[in-house]
$ cat final-v8.cif   # mmCIF, C-alpha atoms
data_target
loop_
_atom_site.label_atom_id
_atom_site.label_comp_id
_atom_site.auth_asym_id
_atom_site.auth_seq_id
_atom_site.Cartn_x
_atom_site.Cartn_y
_atom_site.Cartn_z
CA MET A 18 -10.71 -14.09 16.25
CA ASN A 19 -11.23 -10.65 14.88
CA PRO A 20 -10.79 -8.02 17.64
CA SER A 21 -13.81 -6.09 16.38
CA ASP A 22 -16.02 -9.08 17.24
CA THR A 23 -15.36 -8.77 20.94
CA ASN A 24 -17.35 -6.81 23.50
CA ASP A 25 -14.28 -4.81 24.44
CA PRO A 26 -15.34 -1.18 25.08
CA LEU A 27 -12.15 -0.03 23.41
CA ASP A 28 -13.19 -1.81 20.20
CA ALA A 29 -16.58 -0.13 20.38
CA LEU A 30 -14.90 3.25 20.88
CA LEU A 31 -12.61 2.63 17.92
CA ARG A 32 -15.55 1.62 15.73
CA ASP A 33 -17.44 4.77 16.78
CA GLN A 34 -14.45 6.84 15.71
CA ASN A 35 -14.63 5.50 12.18
CA ASP A 36 -16.59 8.44 10.80
CA TYR A 37 -17.55 8.74 7.16
CA ILE A 38 -15.46 11.31 5.31
CA GLU A 39 -17.48 13.34 2.82
CA ASP A 40 -16.20 13.19 -0.73
CA ASN A 41 -15.96 16.99 -1.19
CA GLY A 42 -14.59 16.72 -4.71
CA PHE A 43 -12.03 14.02 -3.94
CA THR A 44 -13.39 11.58 -6.52
CA ALA A 45 -13.43 14.30 -9.17
CA ARG A 46 -9.81 15.15 -8.35
CA VAL A 47 -8.78 11.51 -8.71
CA MET A 48 -10.69 11.08 -11.96
CA GLY A 49 -9.11 14.25 -13.35
CA ALA A 50 -5.64 12.89 -12.63
CA LEU A 51 -6.15 9.43 -14.13
CA PRO A 52 -3.41 8.53 -16.59
CA GLN A 53 -4.08 6.46 -19.69
CA ARG A 54 -4.21 2.88 -18.58
CA ARG A 55 -1.93 0.53 -20.46
CA ARG A 56 -4.02 -1.75 -22.58
CA GLY A 57 -3.06 -5.00 -24.19
CA GLY A 58 -0.57 -6.06 -21.55
CA SER A 59 -0.36 -9.54 -23.02
CA LEU A 60 0.31 -8.15 -26.51
CA ARG A 61 3.09 -5.99 -25.08
CA SER A 62 4.57 -9.00 -23.34
CA ALA A 63 4.38 -11.09 -26.50
CA VAL A 64 6.08 -8.40 -28.63
CA LEU A 65 8.82 -7.91 -26.04
CA LEU A 66 9.40 -11.64 -25.69
CA CYS A 67 9.56 -12.12 -29.47
CA ALA A 68 11.98 -9.21 -29.88
CA THR A 69 14.12 -10.58 -27.09
CA ALA A 70 14.14 -14.06 -28.62
CA ILE A 71 15.10 -12.76 -32.08
CA CYS A 72 17.92 -10.61 -30.65
CA TYR A 73 19.08 -13.57 -28.60
CA VAL A 74 19.27 -15.86 -31.64
CA LEU A 75 21.10 -13.21 -33.69
CA ALA A 76 23.55 -12.50 -30.88
CA ILE A 77 24.26 -16.19 -30.35
CA TRP A 78 24.88 -16.46 -34.10
CA TRP A 79 27.61 -13.81 -33.88
CA VAL A 80 29.39 -15.16 -30.80
CA PRO A 81 32.89 -16.35 -31.74
CA TRP A 82 32.48 -19.77 -30.15
CA ASN A 83 36.00 -20.86 -31.11
CA LEU A 84 37.43 -18.22 -28.75
CA LEU A 85 35.37 -19.36 -25.78
CA ARG A 86 37.99 -21.57 -24.24
CA LEU A 87 39.02 -21.40 -20.62
CA GLY A 88 42.67 -21.44 -21.58
CA ALA A 89 42.25 -18.37 -23.75
CA LEU A 90 40.41 -16.58 -20.94
CA LEU A 91 43.10 -17.40 -18.37
CA SER A 92 45.81 -16.14 -20.70
CA PHE A 93 43.97 -12.78 -20.83
CA ASN A 94 43.65 -12.99 -24.57
CA GLY A 95 41.90 -9.78 -25.66
CA GLN A 96 39.71 -11.48 -28.22
CA ALA A 97 38.70 -14.19 -25.77
CA LEU A 98 37.81 -11.60 -23.12
CA LEU A 99 35.72 -9.79 -25.72
CA ALA A 100 33.91 -13.00 -26.62
CA TYR A 101 33.17 -13.76 -22.95
CA GLY A 102 32.00 -10.17 -22.44
CA LEU A 103 29.68 -10.52 -25.41
CA LEU A 104 28.25 -13.77 -24.04
CA LEU A 105 27.70 -12.13 -20.64
CA ALA A 106 25.95 -9.18 -22.31
CA ILE A 107 23.70 -11.57 -24.25
CA PHE A 108 22.58 -13.42 -21.16
CA GLY A 109 22.15 -10.16 -19.24
CA SER A 110 20.02 -8.69 -22.05
CA LEU A 111 17.98 -11.87 -22.25
CA LEU A 112 17.25 -11.78 -18.54
CA TRP A 113 16.39 -8.07 -18.70
CA GLY A 114 14.09 -8.62 -21.66
CA VAL A 115 12.21 -11.44 -19.96
CA ILE A 116 11.80 -9.40 -16.76
CA ALA A 117 10.53 -6.41 -18.76
CA ALA A 118 8.17 -8.57 -20.79
CA LEU A 119 6.65 -10.17 -17.72
CA GLY A 120 6.26 -6.82 -15.99
CA TRP A 121 8.44 -7.61 -13.00
CA GLU A 122 9.92 -4.13 -13.01
CA GLU A 123 7.24 -2.94 -10.56
CA MET B 11 -29.41 -0.53 -9.22
CA SER B 12 -26.17 -1.08 -7.40
CA PHE B 13 -23.30 -2.94 -9.04
CA SER B 14 -21.00 -5.16 -7.05
CA ASP B 15 -17.29 -4.38 -6.82
CA ALA B 16 -16.58 -7.32 -9.12
CA ASP B 17 -18.99 -5.95 -11.77
CA LEU B 18 -17.41 -2.51 -11.63
CA ILE B 19 -13.88 -3.94 -11.83
CA ALA B 20 -14.88 -6.08 -14.81
CA ARG B 21 -16.27 -3.00 -16.58
CA VAL B 22 -13.07 -1.05 -15.93
CA LEU B 23 -10.93 -3.88 -17.27
CA SER B 24 -13.02 -4.70 -20.32
CA HIS B 25 -14.21 -1.24 -21.39
CA GLU B 26 -11.81 1.02 -19.50
CA ASP B 27 -14.99 2.47 -18.04
CA GLN B 28 -14.07 5.56 -16.04
CA ASN B 29 -17.59 5.84 -14.62
CA ALA B 30 -17.25 2.40 -13.10
CA PHE B 31 -13.90 3.34 -11.59
CA SER B 32 -15.27 6.62 -10.21
CA GLU B 33 -17.99 4.58 -8.47
CA LEU B 34 -15.26 2.44 -6.87
CA VAL B 35 -13.42 5.60 -5.76
CA ARG B 36 -16.64 7.03 -4.31
CA ARG B 37 -17.28 3.79 -2.45
CA TYR B 38 -13.85 3.50 -0.87
CA GLN B 39 -12.57 7.07 -0.61
CA SER B 40 -13.78 7.42 2.98
CA PRO B 41 -12.11 4.35 4.54
CA VAL B 42 -8.89 4.87 2.60
CA ARG B 43 -8.67 8.58 3.46
CA ALA B 44 -9.58 7.90 7.10
CA PHE B 45 -6.92 5.20 7.35
CA LEU B 46 -4.25 7.47 5.86
CA THR B 47 -5.34 10.43 8.00
CA ARG B 48 -4.81 8.32 11.11
CA MET B 49 -1.48 7.06 9.80
CA THR B 50 -0.27 10.62 9.17
CA HIS B 51 -1.29 11.83 12.64
CA GLY B 52 -4.32 13.70 11.36
CA ASP B 53 -2.69 15.55 8.47
CA SER B 54 -5.60 15.42 6.06
CA HIS B 55 -3.73 17.20 3.25
CA VAL B 56 -0.92 14.66 3.17
CA ALA B 57 -3.45 11.87 3.66
CA ASP B 58 -5.51 13.04 0.67
CA ASP B 59 -2.40 13.24 -1.50
CA LEU B 60 -1.52 9.68 -0.53
CA ALA B 61 -5.11 8.55 -1.06
CA GLN B 62 -5.10 10.06 -4.54
CA GLU B 63 -1.86 8.22 -5.33
CA THR B 64 -3.46 5.05 -3.96
CA PHE B 65 -6.39 5.27 -6.38
CA LEU B 66 -4.15 6.18 -9.30
CA LYS B 67 -2.04 3.10 -8.59
CA ALA B 68 -5.21 1.04 -8.29
CA TRP B 69 -6.31 2.28 -11.73
CA GLN B 70 -2.99 1.33 -13.28
CA LYS B 71 -2.70 -2.03 -11.56
CA LEU B 72 -6.30 -3.14 -11.58
CA HIS B 73 -5.48 -5.94 -14.03
CA MET B 74 -3.31 -7.42 -11.27
CA PHE B 75 -6.24 -7.67 -8.84
CA ARG B 76 -7.13 -11.35 -8.84
CA GLY B 77 -10.13 -11.17 -6.54
CA ALA B 78 -8.55 -13.47 -3.97
CA ALA B 79 -9.00 -10.78 -1.32
CA ARG B 80 -11.68 -8.13 -0.95
CA PHE B 81 -11.17 -5.06 -3.11
CA SER B 82 -10.98 -2.91 0.03
CA THR B 83 -8.20 -5.11 1.42
CA TRP B 84 -6.29 -4.74 -1.82
CA LEU B 85 -6.75 -0.95 -1.67
CA PHE B 86 -5.57 -0.77 1.94
CA GLY B 87 -2.45 -2.66 0.86
CA ILE B 88 -1.68 -0.06 -1.80
CA ALA B 89 -2.46 2.75 0.66
CA PHE B 90 -0.11 1.32 3.27
CA ASN B 91 2.66 0.97 0.67
CA GLU B 92 2.10 4.58 -0.37
CA PHE B 93 2.38 5.62 3.27
CA ARG B 94 5.58 3.61 3.71
CA SER B 95 7.08 5.11 0.54
CA ALA B 96 6.11 8.61 1.68
CA CYS B 97 7.87 8.03 5.00
CA ARG B 98 11.09 7.44 3.09
CA VAL B 99 10.94 10.62 1.00
CA ARG B 100 8.87 13.16 2.94
CA LYS B 101 10.32 14.67 6.07
CA GLU B 102 6.97 15.62 7.55
CA ILE B 103 6.01 11.95 7.76
CA ALA B 104 8.37 9.84 9.81
CA TRP B 105 8.05 6.09 10.17
CA ASP B 106 9.18 5.88 13.80
CA ASN B 107 7.43 8.94 15.13
CA ALA B 108 5.34 7.58 17.96
CA ASP B 109 5.09 10.05 20.81
CA THR B 110 6.19 9.05 24.28
CA VAL B 111 3.63 6.94 26.05
CA ALA B 112 4.53 7.83 29.60
CA GLY B 113 3.57 11.46 29.87
CA PHE B 114 0.26 13.26 30.03
CA GLU B 115 1.61 16.74 29.84
CA GLU B 116 0.01 18.19 26.71
CA PRO B 117 -2.37 20.94 27.82
CA VAL B 118 -4.46 20.31 24.73
CA ALA B 119 -5.47 16.92 26.09
CA ALA B 120 -6.92 18.48 29.20
CA ARG B 121 -9.18 20.66 27.09
CA HIS B 122 -10.74 17.72 25.32
CA THR B 123 -13.41 16.33 27.53
CA HIS B 124 -14.67 13.95 24.92
CA LEU B 125 -13.21 10.47 25.02
CA CYS B 126 -13.13 10.23 21.22
CA LEU B 127 -10.79 13.17 20.97
CA ASP B 128 -8.53 11.50 23.51
CA LEU B 129 -8.56 8.38 21.40
CA LYS B 130 -7.34 10.37 18.40
CA GLU B 131 -4.49 11.69 20.53
CA ALA B 132 -3.83 8.27 21.99
CA LEU B 133 -3.52 6.72 18.53
CA LYS B 134 -0.52 8.98 17.96
CA LEU B 135 1.33 7.15 20.72
CA LEU B 136 1.35 3.93 18.74
CA THR B 137 4.11 2.98 16.37
CA PRO B 138 3.00 3.03 12.71
CA ALA B 139 2.87 -0.77 12.62
CA GLU B 140 0.70 -0.91 15.75
CA ARG B 141 -1.51 1.95 14.57
CA ALA B 142 -2.03 0.37 11.16
CA ALA B 143 -2.93 -3.01 12.68
CA VAL B 144 -5.36 -1.48 15.20
CA ILE B 145 -7.03 0.78 12.61
CA LEU B 146 -7.39 -1.97 10.03
CA CYS B 147 -8.71 -4.65 12.38
CA CYS B 148 -10.57 -2.70 15.07
CA GLN B 149 -11.91 0.19 12.99
CA ASN B 150 -12.26 -1.24 9.50
CA GLY B 151 -13.18 -4.77 10.44
CA LEU B 152 -10.40 -6.59 8.61
CA SER B 153 -9.52 -10.03 9.89
CA HIS B 154 -6.04 -10.65 11.25
CA ASP B 155 -5.22 -12.58 8.07
CA GLU B 156 -6.33 -9.71 5.87
CA ALA B 157 -4.34 -7.22 7.95
CA ALA B 158 -1.25 -9.43 7.68
CA HIS B 159 -1.74 -9.43 3.92
CA VAL B 160 -2.15 -5.64 3.79
CA LEU B 161 0.80 -4.94 6.06
CA ASP B 162 2.93 -7.64 4.43
CA CYS B 163 3.99 -9.16 7.74
CA PRO B 164 3.42 -12.45 9.59
CA LEU B 165 0.09 -13.12 11.27
CA GLY B 166 1.75 -13.31 14.69
CA THR B 167 3.22 -9.84 14.22
CA VAL B 168 -0.22 -8.40 13.50
CA LYS B 169 -1.67 -10.00 16.62
CA THR B 170 1.22 -8.74 18.74
CA ASN B 171 0.91 -5.23 17.33
CA ILE B 172 -2.82 -5.17 18.05
CA LEU B 173 -2.31 -6.35 21.63
CA ARG B 174 0.48 -3.84 22.24
CA GLY B 175 -1.39 -1.04 20.54
CA LYS B 176 -4.59 -1.61 22.46
CA GLU B 177 -2.69 -1.85 25.73
CA LYS B 178 -1.09 1.54 25.04
CA LEU B 179 -4.49 2.99 24.17
CA ARG B 180 -6.04 1.63 27.37
CA ARG B 181 -3.22 3.05 29.49
CA ARG B 182 -3.48 6.42 27.83
CA LEU B 183 -7.25 6.59 28.05
CA ALA B 184 -7.15 5.54 31.71
CA MET B 185 -4.70 8.36 32.40
CA ALA B 186 -6.92 10.82 30.57
CA TYR B 187 -9.98 9.65 32.52
CA GLU B 188 -8.16 10.06 35.87
CA HIS B 189 -7.03 13.50 34.77
CA TYR B 190 -10.60 14.62 34.04
CA GLU B 191 -11.77 13.20 37.36
CA SER B 192 -9.22 15.28 39.21
CA VAL B 193 -10.07 18.65 37.57
#

$ encode --input "final-v8.cif" --output "structure tokens"
Amino acid sequence: MNPSDTNDPLDALLRDQNDYIEDNGFTARVMGALPQRRRGGSLRSAVLLCATAICYVLAIWWVPWNLLRLGALLSFNGQALLAYGLLLAIFGSLLWGVIAALGWEE
Amino acid sequence: MSFSDADLIARVLSHEDQNAFSELVRRYQSPVRAFLTRMTHGDSHVADDLAQETFLKAWQKLHMFRGAARFSTWLFGIAFNEFRSACRVRKEIAWDNADTVAGFEEPVAARHTHLCLDLKEALKLLTPAERAAVILCCQNGLSHDEAAHVLDCPLGTVKTNILRGKEKLRRRLAMAYEHYESV
């Protein structure tokens, strides 16, 4: 039940207190401060997703797959560590790109 | 001819019609500013700043309004988030700044013989969560579900906050009434 539906005198007093506030230039102030609204949100998402996908494919192309062996990683081979780092950066960038494209940054 | 909220929102989204948005601001500036004024203990300057931020956010995020809730409910949600954010960064607005409920020592209260003025003072005794729930449901007519959505908390919490808040208000108003009877 909504409390304002009751016959409680306190509810009536609270409702009486809900006075109208005159605009007094408030709307004009808001309208004067309006930023440009972002248009074409779906286009922006599509461009970002496409760019992310292209970068992802190119990055995958350049990954030295032959160095991505667990043995090489455990032996602290510099080249293997670099390859794993690159792979991590690719997946991180992909995730970041998708989040940005879908507008989850807010 | 009066357009519905949905018509105005559609015009803003399709034509970026600022006149339509200004009509929405005109329609809802009073409840949003009143809500924020109560939340900031009557500081209308801070409340108006927060209200302006609320409408600017609404302008930017209007494409995210799905129409599942009333437009006013959606606006109250943004306003409450603005208030919560302001509590984190502005020292003059504290989140846990409810006054003590026990005392009746402020001389200013004795000067106010009108019950409504006492209610304004009494609202300051509530915690922000209680105050928000009471204002939204009892003053602005939101349902408990809508208030839970605005305040981003479970339904049971809203009900508890309303009960607690109203109990504090009753106690405070009873004390004020006894005080006036005795002078």

$ closest_atom_pairs --input "final-v8.cif" --of "chain B" --to "chain A" --cutoff "7 Å" --atoms "all atoms listed in the file" --output "CSV"
residue,atom,partner,partner_atom,distance
B:Ser32,CA,A:Thr44,CA,6.5
B:Val35,CA,A:Thr44,CA,6.0
B:Arg36,CA,A:Thr44,CA,6.0
B:Ser40,CA,A:Ile38,CA,4.8
B:Gln62,CA,A:Val47,CA,5.7
B:Leu66,CA,A:Leu51,CA,6.2
B:Gln70,CA,A:Arg54,CA,5.7
B:Cys126,CA,A:Gln34,CA,6.6
B:Cys147,CA,A:Pro20,CA,6.6
B:Cys148,CA,A:Ser21,CA,4.9
B:Gln149,CA,A:Arg32,CA,4.8
B:Gly151,CA,A:Ser21,CA,6.1
B:Ser153,CA,A:Asn19,CA,5.3
B:His154,CA,A:Asn19,CA,6.3

$ residues_around --input "final-v8.cif" --residues "Ala139 in chain B" --least-positions-apart "5" --cutoff "10 Å" --atoms "only C-alpha atoms" --output "list in words"
Met49, Trp105, Asp106, Val144, Leu161, Cys163, Thr167, Val168, Asn171, Ile172 and Gly175 of chain B

$ residues_near_point --input "final-v8.cif" --point "(-1.6, 8.0, 10.2)" --cutoff "8 Å" --atoms "only C-alpha atoms" --output "JSON list (two decimals) with C-alpha atoms, in the coordinates of the input"
[["chain", "number", "residue", "atom", "x", "y", "z"],
["B", 45, "PHE", "CA", -6.92, 5.20, 7.35],
["B", 46, "LEU", "CA", -4.25, 7.47, 5.86],
["B", 47, "THR", "CA", -5.34, 10.43, 8.00],
["B", 48, "ARG", "CA", -4.81, 8.32, 11.11],
["B", 49, "MET", "CA", -1.48, 7.06, 9.80],
["B", 50, "THR", "CA", -0.27, 10.62, 9.17],
["B", 51, "HIS", "CA", -1.29, 11.83, 12.64],
["B", 52, "GLY", "CA", -4.32, 13.70, 11.36],
["B", 53, "ASP", "CA", -2.69, 15.55, 8.47],
["B", 57, "ALA", "CA", -3.45, 11.87, 3.66],
["B", 134, "LYS", "CA", -0.52, 8.98, 17.96],
["B", 138, "PRO", "CA", 3.00, 3.03, 12.71],
["B", 141, "ARG", "CA", -1.51, 1.95, 14.57],
["B", 142, "ALA", "CA", -2.03, 0.37, 11.16]]

$ atom_distance --input "final-v8.cif" --atom1 "CA of Phe86 in chain B" --atom2 "CA of Leu60 in chain B"
11.5 Å

$ atom_distance --input "final-v8.cif" --atom1 "CA of Asn83 in chain A" --atom2 "CA of Leu98 in chain A"
12.4 Å

$ atom_distance --input "final-v8.cif" --atom1 "CA of Arg182 in chain B" --atom2 "CA of Leu146 in chain B"
20.1 Å

$ decode --input "final-v8.cif" --residues "range 86-97 of chain A" --atoms "N, CA and C atoms" --output "tab-separated table (two decimals), in the first residue's frame"
chain	number	residue	atom	x	y	z
A	86	ARG	N	54.27	-21.21	-25.36
A	86	ARG	CA	54.28	-22.55	-24.75
A	86	ARG	C	54.51	-22.37	-23.25
A	87	LEU	N	53.86	-23.21	-22.48
A	87	LEU	CA	53.95	-23.07	-21.03
A	87	LEU	C	55.39	-23.26	-20.56
A	88	GLY	N	56.07	-24.18	-21.22
A	88	GLY	CA	57.47	-24.45	-20.84
A	88	GLY	C	58.33	-23.21	-21.00
A	89	ALA	N	58.12	-22.50	-22.11
A	89	ALA	CA	58.90	-21.30	-22.37
A	89	ALA	C	58.58	-20.22	-21.33
A	90	LEU	N	57.31	-20.16	-20.93
A	90	LEU	CA	56.91	-19.16	-19.93
A	90	LEU	C	57.56	-19.45	-18.59
A	91	LEU	N	57.53	-20.76	-18.20
A	91	LEU	CA	58.07	-21.14	-16.89
A	91	LEU	C	59.59	-20.98	-16.84
A	92	SER	N	60.23	-21.04	-18.00
A	92	SER	CA	61.68	-20.85	-18.01
A	92	SER	C	62.05	-19.36	-18.10
A	93	PHE	N	61.06	-18.51	-17.97
A	93	PHE	CA	61.26	-17.04	-17.99
A	93	PHE	C	62.01	-16.59	-19.23
A	94	ASN	N	61.67	-17.24	-20.33
A	94	ASN	CA	62.23	-16.82	-21.62
A	94	ASN	C	61.68	-15.43	-21.97
A	95	GLY	N	62.57	-14.50	-22.24
A	95	GLY	CA	62.16	-13.11	-22.50
A	95	GLY	C	61.19	-13.00	-23.64
A	96	GLN	N	61.46	-13.71	-24.71
A	96	GLN	CA	60.59	-13.63	-25.89
A	96	GLN	C	59.20	-14.21	-25.60
A	97	ALA	N	59.21	-15.31	-24.81
A	97	ALA	CA	57.92	-15.92	-24.46
A	97	ALA	C	57.11	-14.98	-23.57
